[in-house]
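J.: Contents of structure.cif (mmCIF, C-alpha atoms):
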```cif
data_work
loop_
_atom_site.label_atom_id
_atom_site.label_comp_id
_atom_site.auth_asym_id
_atom_site.auth_seq_id
_atom_site.Cartn_x
_atom_site.Cartn_y
_atom_site.Cartn_z
CA MET A 1 -75.00 -23.41 -2.65
CA MET A 2 -75.01 -27.10 -3.54
CA SER A 3 -77.69 -29.08 -1.71
CA ILE A 4 -76.81 -32.53 -0.52
CA SER A 5 -79.25 -35.29 0.28
CA LEU A 6 -79.30 -37.66 3.22
CA GLU A 7 -78.74 -40.46 0.70
CA ASP A 8 -75.48 -38.81 -0.40
CA GLU A 9 -74.37 -38.34 3.19
CA LEU A 10 -75.02 -41.84 4.54
CA PRO A 11 -73.40 -45.17 3.66
CA VAL A 12 -74.98 -46.83 0.66
CA ARG A 13 -77.74 -49.28 1.50
CA ARG A 14 -77.01 -51.61 -1.42
CA LEU A 15 -73.40 -52.59 -2.01
CA PRO A 16 -72.22 -52.64 -5.65
CA ASP A 17 -71.06 -55.92 -7.14
CA ASP A 18 -67.47 -54.72 -7.48
CA PRO A 19 -64.71 -56.28 -5.32
CA ALA A 20 -62.57 -53.12 -5.67
CA TRP A 21 -65.37 -50.78 -4.57
CA LEU A 22 -64.89 -49.01 -1.22
CA GLU A 23 -66.57 -46.25 0.78
CA ASN A 24 -64.70 -43.98 3.17
CA PHE A 25 -65.53 -41.25 5.68
CA CYS A 26 -62.88 -38.98 7.17
CA PHE A 27 -63.05 -36.22 9.80
CA ASP A 28 -60.23 -34.11 11.14
CA GLY A 29 -59.83 -30.98 13.19
CA TYR A 30 -57.26 -28.80 14.91
CA ASP A 31 -57.43 -26.10 17.59
CA HIS A 32 -54.02 -24.41 17.66
CA ARG A 33 -54.85 -22.31 20.74
CA ARG A 34 -55.21 -25.45 22.85
CA ASP A 35 -52.87 -27.54 20.65
CA VAL A 36 -55.41 -30.34 20.39
CA GLY A 37 -56.77 -32.13 17.34
CA PHE A 38 -57.61 -35.42 15.67
CA TRP A 39 -57.80 -37.40 12.44
CA ILE A 40 -60.50 -40.06 12.19
CA HIS A 41 -61.11 -42.44 9.31
CA CYS A 42 -63.85 -45.03 8.86
CA GLY A 43 -63.93 -47.09 5.68
CA ARG A 44 -65.28 -50.35 4.37
CA TRP A 45 -62.81 -53.23 4.62
CA TRP A 46 -61.76 -54.49 1.22
CA ARG A 47 -62.07 -58.16 2.22
CA ASP A 48 -65.71 -57.74 3.34
CA HIS A 49 -67.53 -54.51 2.51
CA THR A 50 -70.05 -55.00 5.33
CA ILE A 51 -67.21 -54.61 7.86
CA TRP A 52 -65.98 -51.10 8.75
CA ARG A 53 -62.33 -50.33 9.48
CA GLU A 54 -61.86 -47.52 12.03
CA GLN A 55 -58.82 -45.36 12.80
CA VAL A 56 -58.67 -42.75 15.56
CA LEU A 57 -55.61 -40.49 15.92
CA VAL A 58 -55.67 -37.77 18.59
CA TYR A 59 -53.18 -34.94 19.18
CA LEU A 60 -52.84 -33.98 22.85
CA PRO A 61 -51.02 -31.01 24.40
CA GLY A 62 -47.38 -31.68 25.18
CA ASN A 63 -46.66 -33.43 21.88
CA THR A 64 -48.37 -36.64 22.96
CA TYR A 65 -50.69 -38.74 20.81
CA LEU A 66 -53.32 -41.43 21.26
CA VAL A 67 -54.00 -43.99 18.51
CA HIS A 68 -56.57 -46.72 17.97
CA ARG A 69 -57.65 -48.92 15.09
CA ALA A 70 -60.12 -51.78 14.86
CA TRP A 71 -62.78 -53.43 12.71
CA GLY A 72 -66.47 -53.77 13.42
CA ARG A 73 -69.95 -54.19 11.97
CA ARG A 74 -72.98 -52.50 13.54
CA PRO A 75 -76.15 -50.92 12.11
CA SER A 76 -75.13 -47.81 10.14
CA ASP A 77 -78.50 -46.19 9.37
CA ARG A 78 -77.39 -42.77 10.66
CA GLY A 79 -73.75 -42.98 9.53
CA PRO A 80 -70.92 -45.50 9.67
CA SER A 81 -70.60 -47.43 12.93
CA ALA A 82 -67.63 -49.76 13.24
CA ALA A 83 -66.38 -51.32 16.49
CA LEU A 84 -66.43 -48.39 18.93
CA LEU A 85 -66.66 -45.40 16.58
CA ASP A 86 -69.91 -43.73 15.50
CA LEU A 87 -70.09 -41.01 12.84
CA ILE A 88 -73.65 -39.69 13.02
CA CYS A 89 -75.31 -37.44 10.44
CA GLU A 90 -77.62 -35.08 12.36
CA ASP A 91 -78.44 -32.65 9.54
CA PRO A 92 -77.39 -33.33 5.90
CA GLY A 93 -74.83 -30.80 4.74
CA ALA A 94 -74.75 -29.05 8.11
CA ALA A 95 -74.12 -31.19 11.21
CA TRP A 96 -72.43 -34.44 12.22
CA ARG A 97 -71.49 -35.93 15.58
CA ILE A 98 -68.36 -37.97 16.35
CA ARG A 99 -68.58 -40.42 19.24
CA TYR A 100 -65.87 -42.77 20.43
CA ARG A 101 -65.37 -44.41 23.79
CA GLY A 102 -62.73 -47.09 24.13
CA PRO A 103 -59.05 -47.89 24.42
CA ALA A 104 -56.31 -45.80 22.82
CA ARG A 105 -52.57 -46.28 23.02
CA PRO A 106 -50.37 -43.31 24.03
CA THR A 107 -47.37 -42.80 21.76
CA GLN A 108 -44.89 -40.29 20.38
CA SER A 109 -44.13 -39.41 16.78
CA ALA A 110 -40.55 -40.72 17.08
CA GLU A 111 -41.82 -44.14 18.19
CA LEU A 112 -44.06 -44.41 15.12
CA GLN A 113 -41.22 -43.31 12.87
CA ARG A 114 -39.17 -46.34 13.95
CA GLY A 115 -41.63 -48.92 12.65
CA PRO A 116 -44.93 -50.66 13.38
CA LEU A 117 -46.46 -49.74 16.71
CA THR A 118 -46.24 -52.50 19.30
CA GLU A 119 -48.73 -53.39 22.02
CA ALA A 120 -48.59 -51.36 25.23
CA GLU A 121 -50.76 -49.81 27.95
CA GLN A 122 -54.07 -48.35 26.77
CA TYR A 123 -55.85 -45.26 28.09
CA LEU A 124 -59.62 -44.91 28.14
CA LEU A 125 -60.47 -42.31 25.49
CA ASP A 126 -63.88 -40.63 25.26
CA LEU A 127 -64.60 -38.32 22.31
CA ASP A 128 -67.77 -36.31 21.92
CA LEU A 129 -67.31 -33.82 19.09
CA ALA A 130 -69.79 -31.87 16.98
CA PHE A 131 -69.04 -30.84 13.39
CA THR A 132 -71.14 -27.94 12.10
CA SER A 133 -70.94 -25.90 8.90
CA LYS A 134 -72.79 -23.19 7.02
CA ARG A 135 -70.48 -23.54 4.02
CA PRO A 136 -71.49 -25.37 0.83
CA VAL A 137 -70.37 -28.95 0.33
CA TRP A 138 -67.73 -29.30 -2.38
CA GLN A 139 -68.46 -32.18 -4.72
CA MET A 140 -65.27 -32.89 -6.60
CA THR A 141 -65.76 -33.29 -10.36
CA GLY A 142 -63.48 -34.57 -13.11
CA ILE A 143 -62.39 -37.68 -11.21
CA ALA A 144 -64.00 -40.39 -13.36
CA GLY A 145 -60.61 -41.85 -14.25
CA GLU A 146 -59.22 -41.85 -10.71
CA LYS A 147 -58.47 -45.14 -8.95
CA TRP A 148 -59.19 -43.89 -5.42
CA GLY A 149 -62.88 -43.07 -5.87
CA LYS A 150 -65.52 -41.77 -8.29
CA PHE A 151 -67.67 -39.83 -5.78
CA HIS A 152 -65.94 -37.42 -3.43
CA THR A 153 -67.31 -34.62 -1.24
CA GLU A 154 -65.54 -32.33 1.22
CA GLN A 155 -66.72 -29.63 3.60
CA THR A 156 -65.06 -27.11 5.87
CA GLY A 157 -66.62 -26.27 9.21
CA ARG A 158 -66.08 -26.08 12.93
CA ILE A 159 -65.44 -28.72 15.59
CA ARG A 160 -66.58 -28.16 19.17
CA GLY A 161 -66.66 -30.65 22.00
CA HIS A 162 -64.44 -32.44 24.44
CA ILE A 163 -61.78 -35.11 24.58
CA VAL A 164 -61.49 -37.10 27.83
CA TYR A 165 -58.50 -39.38 28.44
CA ASP A 166 -56.86 -40.84 31.53
CA GLY A 167 -59.21 -38.83 33.73
CA ARG A 168 -58.40 -35.50 32.06
CA THR A 169 -60.73 -33.37 29.93
CA ILE A 170 -59.72 -31.04 27.10
CA GLU A 171 -62.22 -28.79 25.36
CA MET A 172 -61.83 -28.24 21.62
CA ASP A 173 -63.08 -25.42 19.40
CA GLY A 174 -61.35 -25.09 16.06
CA LEU A 175 -61.21 -26.13 12.41
CA GLY A 176 -63.49 -28.97 11.45
CA TRP A 177 -63.23 -30.94 8.22
CA ARG A 178 -64.91 -33.92 6.64
CA ASP A 179 -64.91 -35.92 3.43
CA HIS A 180 -66.83 -38.85 1.98
CA SER A 181 -65.80 -40.96 -1.02
CA ARG A 182 -67.14 -43.96 -2.90
CA GLY A 183 -65.92 -46.01 -5.82
CA SER A 184 -63.34 -48.52 -6.96
CA ARG A 185 -60.13 -47.87 -5.05
CA ASP A 186 -56.63 -49.16 -5.68
CA VAL A 187 -53.76 -46.81 -4.86
CA SER A 188 -50.97 -49.04 -6.20
CA GLY A 189 -50.13 -46.47 -8.89
CA MET A 190 -49.89 -43.50 -6.52
CA GLY A 191 -46.45 -42.16 -5.75
CA ARG A 192 -47.33 -39.30 -3.42
CA HIS A 193 -50.16 -36.91 -2.62
CA CYS A 194 -51.11 -33.72 -0.76
CA TRP A 195 -54.46 -33.33 0.95
CA ILE A 196 -54.34 -29.98 2.71
CA HIS A 197 -57.11 -27.80 4.05
CA GLY A 198 -57.84 -25.16 6.65
CA ASN A 199 -58.85 -21.63 7.44
CA LEU A 200 -57.41 -18.51 5.84
CA SER A 201 -57.51 -14.82 6.67
CA ARG A 202 -60.70 -12.77 6.27
CA GLY A 203 -62.93 -15.73 7.18
CA ARG A 204 -61.98 -17.81 4.13
CA SER A 205 -61.16 -21.55 3.96
CA PHE A 206 -59.50 -23.74 1.34
CA ALA A 207 -58.97 -27.32 0.19
CA LEU A 208 -56.12 -28.68 -1.92
CA THR A 209 -55.90 -32.22 -3.31
CA THR A 210 -53.02 -33.15 -5.60
CA VAL A 211 -51.83 -36.62 -6.59
CA ASP A 212 -48.65 -37.67 -8.39
CA ASN A 213 -48.73 -41.15 -9.88
CA LEU A 214 -45.54 -43.12 -10.38
CA VAL A 215 -45.13 -43.93 -14.08
CA GLY A 216 -41.91 -45.48 -15.34
CA GLY A 217 -40.05 -44.35 -12.25
CA ALA A 218 -41.16 -40.71 -12.60
CA PHE A 219 -43.86 -38.67 -10.90
CA VAL A 220 -46.71 -37.72 -13.23
CA ARG A 221 -49.50 -35.43 -12.07
CA GLY A 222 -52.76 -37.39 -11.85
CA LEU A 223 -55.00 -34.95 -10.01
CA ASP A 224 -54.86 -31.24 -9.23
CA LYS A 225 -57.84 -29.71 -7.40
CA VAL A 226 -57.99 -26.54 -5.28
CA VAL A 227 -61.01 -24.62 -4.02
CA ILE A 228 -61.55 -21.62 -1.74
CA TRP A 229 -64.63 -20.87 0.34
CA GLU A 230 -65.43 -17.18 0.70
CA GLY A 231 -68.63 -16.78 2.67
CA ALA A 232 -71.25 -18.94 0.97
CA GLU A 233 -69.33 -18.88 -2.34
CA LEU A 234 -67.06 -21.69 -3.52
CA HIS A 235 -64.32 -20.69 -6.00
CA ASP A 236 -61.99 -22.78 -8.14
CA ALA A 237 -58.35 -22.02 -7.34
CA HIS A 238 -54.82 -23.07 -8.29
CA CYS A 239 -51.52 -23.85 -6.57
CA SER A 240 -48.57 -23.81 -8.98
CA ARG A 241 -46.16 -25.52 -6.54
CA PRO A 242 -47.95 -27.99 -4.26
CA PRO A 243 -45.78 -28.83 -1.21
CA PHE A 244 -45.14 -32.49 -2.07
CA LEU A 245 -42.84 -34.58 0.08
CA GLU A 246 -39.53 -35.55 -1.49
CA SER A 247 -39.02 -38.76 0.52
CA SER A 248 -40.75 -41.01 3.03
CA ALA A 249 -38.75 -39.49 5.89
CA MET A 250 -40.26 -37.24 8.56
CA PRO A 251 -41.47 -34.04 6.83
CA PRO A 252 -39.80 -30.69 7.57
CA PRO A 253 -41.64 -28.54 10.16
CA THR A 254 -42.61 -25.77 7.73
CA TYR A 255 -43.57 -25.23 4.11
CA ASP A 256 -45.04 -22.43 2.03
CA MET A 257 -47.35 -22.23 -0.95
CA VAL A 258 -49.33 -19.73 -2.99
CA LEU A 259 -53.03 -20.08 -3.79
CA GLU A 260 -54.54 -18.09 -6.64
CA TYR A 261 -58.20 -17.54 -7.44
CA ALA A 262 -60.54 -14.87 -8.78
CA GLY A 263 -60.24 -13.00 -5.48
CA GLY A 264 -56.47 -12.66 -5.77
CA ARG A 265 -53.23 -14.24 -4.62
CA ILE A 266 -52.87 -15.79 -1.14
CA GLU A 267 -49.42 -16.45 0.31
CA VAL A 268 -49.54 -19.18 2.94
CA LEU A 269 -46.86 -20.13 5.48
CA ALA A 270 -47.52 -23.47 7.15
CA ASP A 271 -46.15 -24.63 10.52
CA THR A 272 -46.84 -28.35 10.89
CA VAL A 273 -46.75 -28.37 14.67
CA ARG A 274 -48.01 -31.96 15.02
CA CYS A 275 -46.94 -35.03 13.00
CA LEU A 276 -48.18 -38.62 13.10
CA PRO A 277 -47.34 -41.29 10.47
CA HIS A 278 -49.41 -44.27 9.41
CA SER A 279 -48.92 -46.60 6.44
CA THR A 280 -51.43 -47.88 3.90
CA THR A 281 -51.59 -50.80 1.47
CA ARG A 282 -52.95 -50.56 -2.06
CA HIS A 283 -56.34 -51.72 -0.72
CA MET A 284 -56.40 -49.26 2.22
CA ASP A 285 -55.38 -51.64 5.00
CA CYS A 286 -53.61 -49.44 7.55
CA PHE A 287 -50.77 -49.76 10.06
CA ASP A 288 -49.73 -47.41 12.83
CA GLY A 289 -46.21 -46.16 12.09
CA VAL A 290 -43.83 -46.37 9.14
CA THR A 291 -43.98 -49.93 7.76
CA PRO A 292 -41.89 -50.53 4.61
CA GLY A 293 -42.43 -54.01 3.22
CA GLN A 294 -45.98 -54.12 4.58
CA ALA A 295 -47.57 -51.02 3.04
CA HIS A 296 -47.48 -49.07 -0.22
CA VAL A 297 -47.23 -45.52 1.11
CA VAL A 298 -46.55 -43.75 4.38
CA THR A 299 -48.89 -40.86 5.20
CA TYR A 300 -48.20 -38.06 7.67
CA GLU A 301 -51.15 -36.44 9.45
CA GLN A 302 -50.19 -32.97 10.71
CA GLY A 303 -52.11 -30.44 12.75
CA THR A 304 -51.06 -27.19 11.10
CA ILE A 305 -51.02 -23.45 11.74
CA PHE A 306 -51.43 -21.41 8.55
CA THR A 307 -50.20 -17.84 8.71
CA VAL A 308 -51.91 -15.61 6.13
CA ASP A 309 -51.80 -11.78 6.17
CA GLY A 310 -50.37 -11.99 9.68
CA GLU A 311 -53.33 -14.06 10.93
CA ARG A 312 -52.76 -17.51 12.47
CA CYS A 313 -55.37 -20.03 11.35
CA ASP A 314 -56.19 -23.67 12.15
CA GLY A 315 -55.45 -26.26 9.47
CA HIS A 316 -54.55 -29.83 8.60
CA THR A 317 -51.84 -31.23 6.33
CA GLU A 318 -51.88 -34.80 5.01
CA ARG A 319 -49.06 -35.90 2.70
CA SER A 320 -47.87 -39.30 1.57
CA TYR A 321 -44.86 -40.78 -0.18
CA ILE A 322 -44.33 -44.24 -1.64
CA LEU A 323 -42.38 -46.61 0.60
CA GLY A 324 -39.26 -48.22 -0.78
CA ALA A 325 -38.84 -45.62 -3.56
#
```
Could you express the structure from this file as structure tokens?

T.:
Amino acid sequence: MMSISLEDELPVRRLPDDPAWLENFCFDGYDHRRDVGFWIHCGRWWRDHTIWREQVLVYLPGNTYLVHRAWGRRPSDRGPSAALLDLICEDPGAAWRIRYRGPARPTQSAELQRGPLTEAEQYLLDLDLAFTSKRPVWQMTGIAGEKWGKFHTEQTGRIRGHIVYDGRTIEMDGLGWRDHSRGSRDVSGMGRHCWIHGNLSRGRSFALTTVDNLVGGAFVRGLDKVVIWEGAELHDAHCSRPPFLESSAMPPPTYDMVLEYAGGRIEVLADTVRCLPHSTTRHMDCFDGVTPGQAHVVTYEQGTIFTVDGERCDGHTERSYILGA
């Protein structure tokens, strides 16, 4: 099992002298039994690396969503703290806490598909979620030439806690996921990507990250990484046909893929039961909704049910496609 230090987990104390350098933390989770989940991102703002940019997307039962984004700068000795969001490292490589209390706008996927999200009534949202894991941290290697980061870790785990909104409380107990990246980041060459992870049958979990760059009007594979957790073991894996999007339109509700590793072949059927788009510029400025002309790519965050060997498992699907292509 790879050990990870507190220094690796926390934001860097000394910022590099590189205007393109960024640092990002991401957590997501989904509990298909209660149909509740979230995607949370906290990254340094490219115009001032001491300022954190926070995004909170929450999936609620009944196909409703809450969204929030803001910028802030507070002491981040235990993990990134932006405006109202705190990501707190409680035990390196094993436990984090997610705390958010503040406004969040209710919306529907169709509204975000129509364009940038407008101002409207805000609910009071209170998140208190615990991420725990006994699985090894995956430190992605072979990414020295990538333009989205040079240091990248991911970990599968479990999310337990509660989400309170508009006077209602929902408990959550399902897939938990986190990643942390650092390095020069400019996604202007990216044409599309898949970042998919979740639980599998027999207590296994997986992570898939594939990137197609746009070169001369054609998609060219830039990155292809797949791993599978089996107990405390982490195995390299392969997916011969990653489920890339073929346009920036709303993704279809299902896809399938095959993962192969030393332990055999895994056939996966994915039902993307939730879907929320946001758009991103080359420097990682973000907008709620599909915003051609303002952003470089649109990204769909999708709470997902993976069916493997007849077992239904919690998962998350993130896929992007270049806008205007």

J.: Kindly give the distance, in Å, that separates atom CA of Ala218 of chain A and atom CA of Thr299 of chain A, rounded to a single decimal.

T.: 19.4 Å

J.: Between A:Ala270, A:Leu124, A:Val227, A:Ala130, which has the minimum distance to Thr254 of chain A (counting only C-alpha atoms)?

T.: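 Result for the nearest residue to Thr254 of chain A: A:Ala270.
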
J.: Just say which residues the PyMOL selection byres ((chain A and resi 60) around 9) picks in this file, as a PyMOL selection string.

T.: chain A and resi 34-38+58-59+61-66+170

J.: Can you pull out every residue within 9 Å of Thr272 of chain A, counting all atoms listed in the file, but drop anything in the same chain fewer than 4 positions away, and send it as a list in words?

T.: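 So, after excluding close chain neighbours, the residues are Pro251, Pro252, Pro253, Thr254, Tyr255, Gln302, Gly303, Thr304, Ile305, Phe306, Gly315, His316 and Thr317 of chain A.
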
J.: Taking only C-alpha atoms into account, which of A:Leu214, A:Leu129, A:Ile322, A:Cys286 comes nearest Ala249 of chain A?

T.: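 Looking only at the distances to Ala249 of chain A, the closest residue turns out to be A:Ile322.
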
J.: Going by the chain IDs and residue numbers used in this file, which residues fall under the PyMOL selection byres ((chain A and resi 3) around 12)? Write them as number ranges by chain.

T.: A: 1-2, 4-9, 91-94, 134-139, 153

J.: Using all atoms listed in the file, which residue out of A:Trp39, A:Phe151, A:Trp96, A:Phe25 lies closest to Arg182 of chain A?

T.: A:Phe151

J.: Taking into account all atoms listed in the file, which residue in the set A:Ala207, A:Leu175, A:Ile196, A:Val268 is nearest to His32 of chain A?

T.: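 Selected residue with least distance to His32 of chain A: A:Leu175.
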
J.: Which distance in Å separates atom CA of Asp17 of chain A and atom CA of Phe287 of chain A, to one decimal?

T.: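 One can read the atom CA of Asp17 of chain A to atom CA of Phe287 of chain A distance as 27.3 Å.
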
J.: What residues come out when you apply the PyMOL selection byres ((chain A and resi 215) around 12) to this file, written as a list in words?

T.: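 So the PyMOL selection byres ((chain A and resi 215) around 12) ends up selecting Ser188, Gly189, Met190, Gly191, Arg192, Asp212, Asn213, Leu214, Gly216, Gly217, Ala218, Phe219, Val220, Arg221 and Gly222 of chain A.
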
J.: What residues have an atom no more than 9 Å from (-70.1, -15.1, 2.2) in the file's own frame, counting all atoms listed in the file, and can you write them as a ChimeraX atom specification?

T.: /A:135,203-204,229-233

J.: What gap, in Å, lies between atom CA of Trp45 of chain A and atom CA of Leu84 of chain A?

T.: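 If I compute the distance from atom CA of Trp45 of chain A to atom CA of Leu84 of chain A, I get 15.5 Å.
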
J.: Could you check which of A:Arg33, A:Cys194, A:Phe27, A:Leu22 is closest to Thr132 of chain A, using all atoms listed in the file?

T.: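 Distance minimum relative to Thr132 of chain A lands on A:Phe27.
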
J.: Counting only C-alpha atoms, which residues have an atom no more than 12 Å from (-47.5, -49.9, 27.9) in the file's coordinates? Please list them as a ChimeraX atom specification.

T.: /A:104-107,117-123

J.: With distances taken over all atoms listed in the file, which of A:His283, A:His235, A:His193, A:Arg241 is nearest to Leu223 of chain A?

T.: A:His193

J.: If we count only C-alpha atoms, what is near Glu267 of chain A at a cut-off of 8 Å, once residues fewer than 2 positions away on the same chain are taken out, given as an mmCIF file with C-alpha atoms, in the frame of the given file?

T.:
```
data_model
loop_
_atom_site.group_PDB
_atom_site.id
_atom_site.type_symbol
_atom_site.label_atom_id
_atom_site.label_comp_id
_atom_site.auth_asym_id
_atom_site.auth_seq_id
_atom_site.Cartn_x
_atom_site.Cartn_y
_atom_site.Cartn_z
ATOM 1 C CA ASP A 256 -45.040 -22.430 2.030
ATOM 2 C CA MET A 257 -47.350 -22.230 -0.950
ATOM 3 C CA VAL A 258 -49.330 -19.730 -2.990
ATOM 4 C CA LEU A 259 -53.030 -20.080 -3.790
ATOM 5 C CA ARG A 265 -53.230 -14.240 -4.620
ATOM 6 C CA LEU A 269 -46.860 -20.130 5.480
ATOM 7 C CA VAL A 308 -51.910 -15.610 6.130
ATOM 8 C CA ASP A 309 -51.800 -11.780 6.170
#
```

J.: Need to verify the contact set: His49 of chain A, 9 Å, only C-alpha atoms, exclusion of same-chain residues closer than 4 positions in sequence. Can you return it as JSON, numbers by chain?

T.: {"A": [15, 19, 21, 22, 23, 43, 44, 45]}

J.: Could you work out an axis-aligned bounding box for all listed atoms of segment 306-322 of chain A, with 8 Å added on each of the six sides, and give its centre and edge lengths in Å to one decimal, as AutoDock Vina command-line options?

T.:
```
--center_x -50.3 --center_y -28.0 --center_z 5.4 --size_x 27.9 --size_y 48.5 --size_z 30.1
```

J.: Need to verify the contact set: Gly72 of chain A, 6 Å, all atoms listed in the file, exclusion of same-chain residues closer than 3 positions in sequence. Can you return it as a ChimeraX atom specification?

T.: /A:51-52,82-83

J.: Would you put the residues from that selection into a file with C-alpha atoms, as a PDB file, keeping the file's coordinate frame?

T.:
```pdb
ATOM      1  CA  ILE A  51     -67.210 -54.610   7.860  1.00  0.00           C
ATOM      2  CA  TRP A  52     -65.980 -51.100   8.750  1.00  0.00           C
ATOM      3  CA  ALA A  82     -67.630 -49.760  13.240  1.00  0.00           C
ATOM      4  CA  ALA A  83     -66.380 -51.320  16.490  1.00  0.00           C
TER       5      ALA A  83
END
```

J.: If I only have part of segment 198-220 of chain A, can you fill in N, CA and C atoms and write it as a PDB file, keeping the file's coordinate frame?

T.:
```pdb
ATOM      1  N   GLY A 198     -57.820 -25.943   5.423  1.00  0.00           N
ATOM      2  CA  GLY A 198     -57.840 -25.160   6.650  1.00  0.00           C
ATOM      3  C   GLY A 198     -58.455 -23.799   6.442  1.00  0.00           C
ATOM      4  N   ASN A 199     -58.339 -22.994   7.471  1.00  0.00           N
ATOM      5  CA  ASN A 199     -58.850 -21.630   7.440  1.00  0.00           C
ATOM      6  C   ASN A 199     -57.795 -20.673   6.923  1.00  0.00           C
ATOM      7  N   LEU A 200     -58.269 -19.566   6.348  1.00  0.00           N
ATOM      8  CA  LEU A 200     -57.410 -18.510   5.840  1.00  0.00           C
ATOM      9  C   LEU A 200     -57.851 -17.185   6.465  1.00  0.00           C
ATOM     10  N   SER A 201     -57.139 -16.146   6.164  1.00  0.00           N
ATOM     11  CA  SER A 201     -57.510 -14.820   6.670  1.00  0.00           C
ATOM     12  C   SER A 201     -58.851 -14.374   6.086  1.00  0.00           C
ATOM     13  N   ARG A 202     -59.445 -13.379   6.716  1.00  0.00           N
ATOM     14  CA  ARG A 202     -60.700 -12.770   6.270  1.00  0.00           C
ATOM     15  C   ARG A 202     -61.860 -13.772   6.207  1.00  0.00           C
ATOM     16  N   GLY A 203     -61.828 -14.799   7.083  1.00  0.00           N
ATOM     17  CA  GLY A 203     -62.930 -15.730   7.180  1.00  0.00           C
ATOM     18  C   GLY A 203     -63.016 -16.742   6.057  1.00  0.00           C
ATOM     19  N   ARG A 204     -61.968 -16.864   5.240  1.00  0.00           N
ATOM     20  CA  ARG A 204     -61.980 -17.810   4.130  1.00  0.00           C
ATOM     21  C   ARG A 204     -61.456 -19.184   4.585  1.00  0.00           C
ATOM     22  N   SER A 205     -61.703 -20.205   3.761  1.00  0.00           N
ATOM     23  CA  SER A 205     -61.160 -21.550   3.960  1.00  0.00           C
ATOM     24  C   SER A 205     -60.743 -22.098   2.601  1.00  0.00           C
ATOM     25  N   PHE A 206     -59.951 -23.167   2.624  1.00  0.00           N
ATOM     26  CA  PHE A 206     -59.500 -23.740   1.340  1.00  0.00           C
ATOM     27  C   PHE A 206     -59.342 -25.244   1.464  1.00  0.00           C
ATOM     28  N   ALA A 207     -59.286 -25.894   0.298  1.00  0.00           N
ATOM     29  CA  ALA A 207     -58.970 -27.320   0.190  1.00  0.00           C
ATOM     30  C   ALA A 207     -58.082 -27.530  -1.019  1.00  0.00           C
ATOM     31  N   LEU A 208     -57.054 -28.344  -0.839  1.00  0.00           N
ATOM     32  CA  LEU A 208     -56.120 -28.680  -1.920  1.00  0.00           C
ATOM     33  C   LEU A 208     -55.930 -30.181  -1.951  1.00  0.00           C
ATOM     34  N   THR A 209     -56.141 -30.795  -3.107  1.00  0.00           N
ATOM     35  CA  THR A 209     -55.900 -32.220  -3.310  1.00  0.00           C
ATOM     36  C   THR A 209     -55.088 -32.400  -4.580  1.00  0.00           C
ATOM     37  N   THR A 210     -53.870 -32.885  -4.438  1.00  0.00           N
ATOM     38  CA  THR A 210     -53.020 -33.150  -5.600  1.00  0.00           C
ATOM     39  C   THR A 210     -52.426 -34.550  -5.468  1.00  0.00           C
ATOM     40  N   VAL A 211     -52.353 -35.261  -6.574  1.00  0.00           N
ATOM     41  CA  VAL A 211     -51.830 -36.620  -6.590  1.00  0.00           C
ATOM     42  C   VAL A 211     -50.810 -36.748  -7.708  1.00  0.00           C
ATOM     43  N   ASP A 212     -49.654 -37.291  -7.401  1.00  0.00           N
ATOM     44  CA  ASP A 212     -48.650 -37.670  -8.390  1.00  0.00           C
ATOM     45  C   ASP A 212     -48.609 -39.186  -8.477  1.00  0.00           C
ATOM     46  N   ASN A 213     -48.885 -39.720  -9.663  1.00  0.00           N
ATOM     47  CA  ASN A 213     -48.730 -41.150  -9.880  1.00  0.00           C
ATOM     48  C   ASN A 213     -47.292 -41.463 -10.274  1.00  0.00           C
ATOM     49  N   LEU A 214     -46.886 -42.693 -10.009  1.00  0.00           N
ATOM     50  CA  LEU A 214     -45.540 -43.120 -10.380  1.00  0.00           C
ATOM     51  C   LEU A 214     -45.630 -43.910 -11.675  1.00  0.00           C
ATOM     52  N   VAL A 215     -45.059 -43.336 -12.745  1.00  0.00           N
ATOM     53  CA  VAL A 215     -45.130 -43.930 -14.080  1.00  0.00           C
ATOM     54  C   VAL A 215     -43.710 -44.052 -14.622  1.00  0.00           C
ATOM     55  N   GLY A 216     -43.256 -45.281 -14.815  1.00  0.00           N
ATOM     56  CA  GLY A 216     -41.910 -45.480 -15.340  1.00  0.00           C
ATOM     57  C   GLY A 216     -40.834 -44.871 -14.468  1.00  0.00           C
ATOM     58  N   GLY A 217     -41.037 -44.884 -13.175  1.00  0.00           N
ATOM     59  CA  GLY A 217     -40.050 -44.350 -12.250  1.00  0.00           C
ATOM     60  C   GLY A 217     -40.102 -42.844 -12.066  1.00  0.00           C
ATOM     61  N   ALA A 218     -41.050 -42.162 -12.707  1.00  0.00           N
ATOM     62  CA  ALA A 218     -41.160 -40.710 -12.600  1.00  0.00           C
ATOM     63  C   ALA A 218     -42.532 -40.320 -12.083  1.00  0.00           C
ATOM     64  N   PHE A 219     -42.591 -39.193 -11.385  1.00  0.00           N
ATOM     65  CA  PHE A 219     -43.860 -38.670 -10.900  1.00  0.00           C
ATOM     66  C   PHE A 219     -44.600 -37.956 -12.021  1.00  0.00           C
ATOM     67  N   VAL A 220     -45.865 -38.321 -12.200  1.00  0.00           N
ATOM     68  CA  VAL A 220     -46.710 -37.720 -13.230  1.00  0.00           C
ATOM     69  C   VAL A 220     -47.999 -37.252 -12.547  1.00  0.00           C
TER      70      VAL A 220
END
```
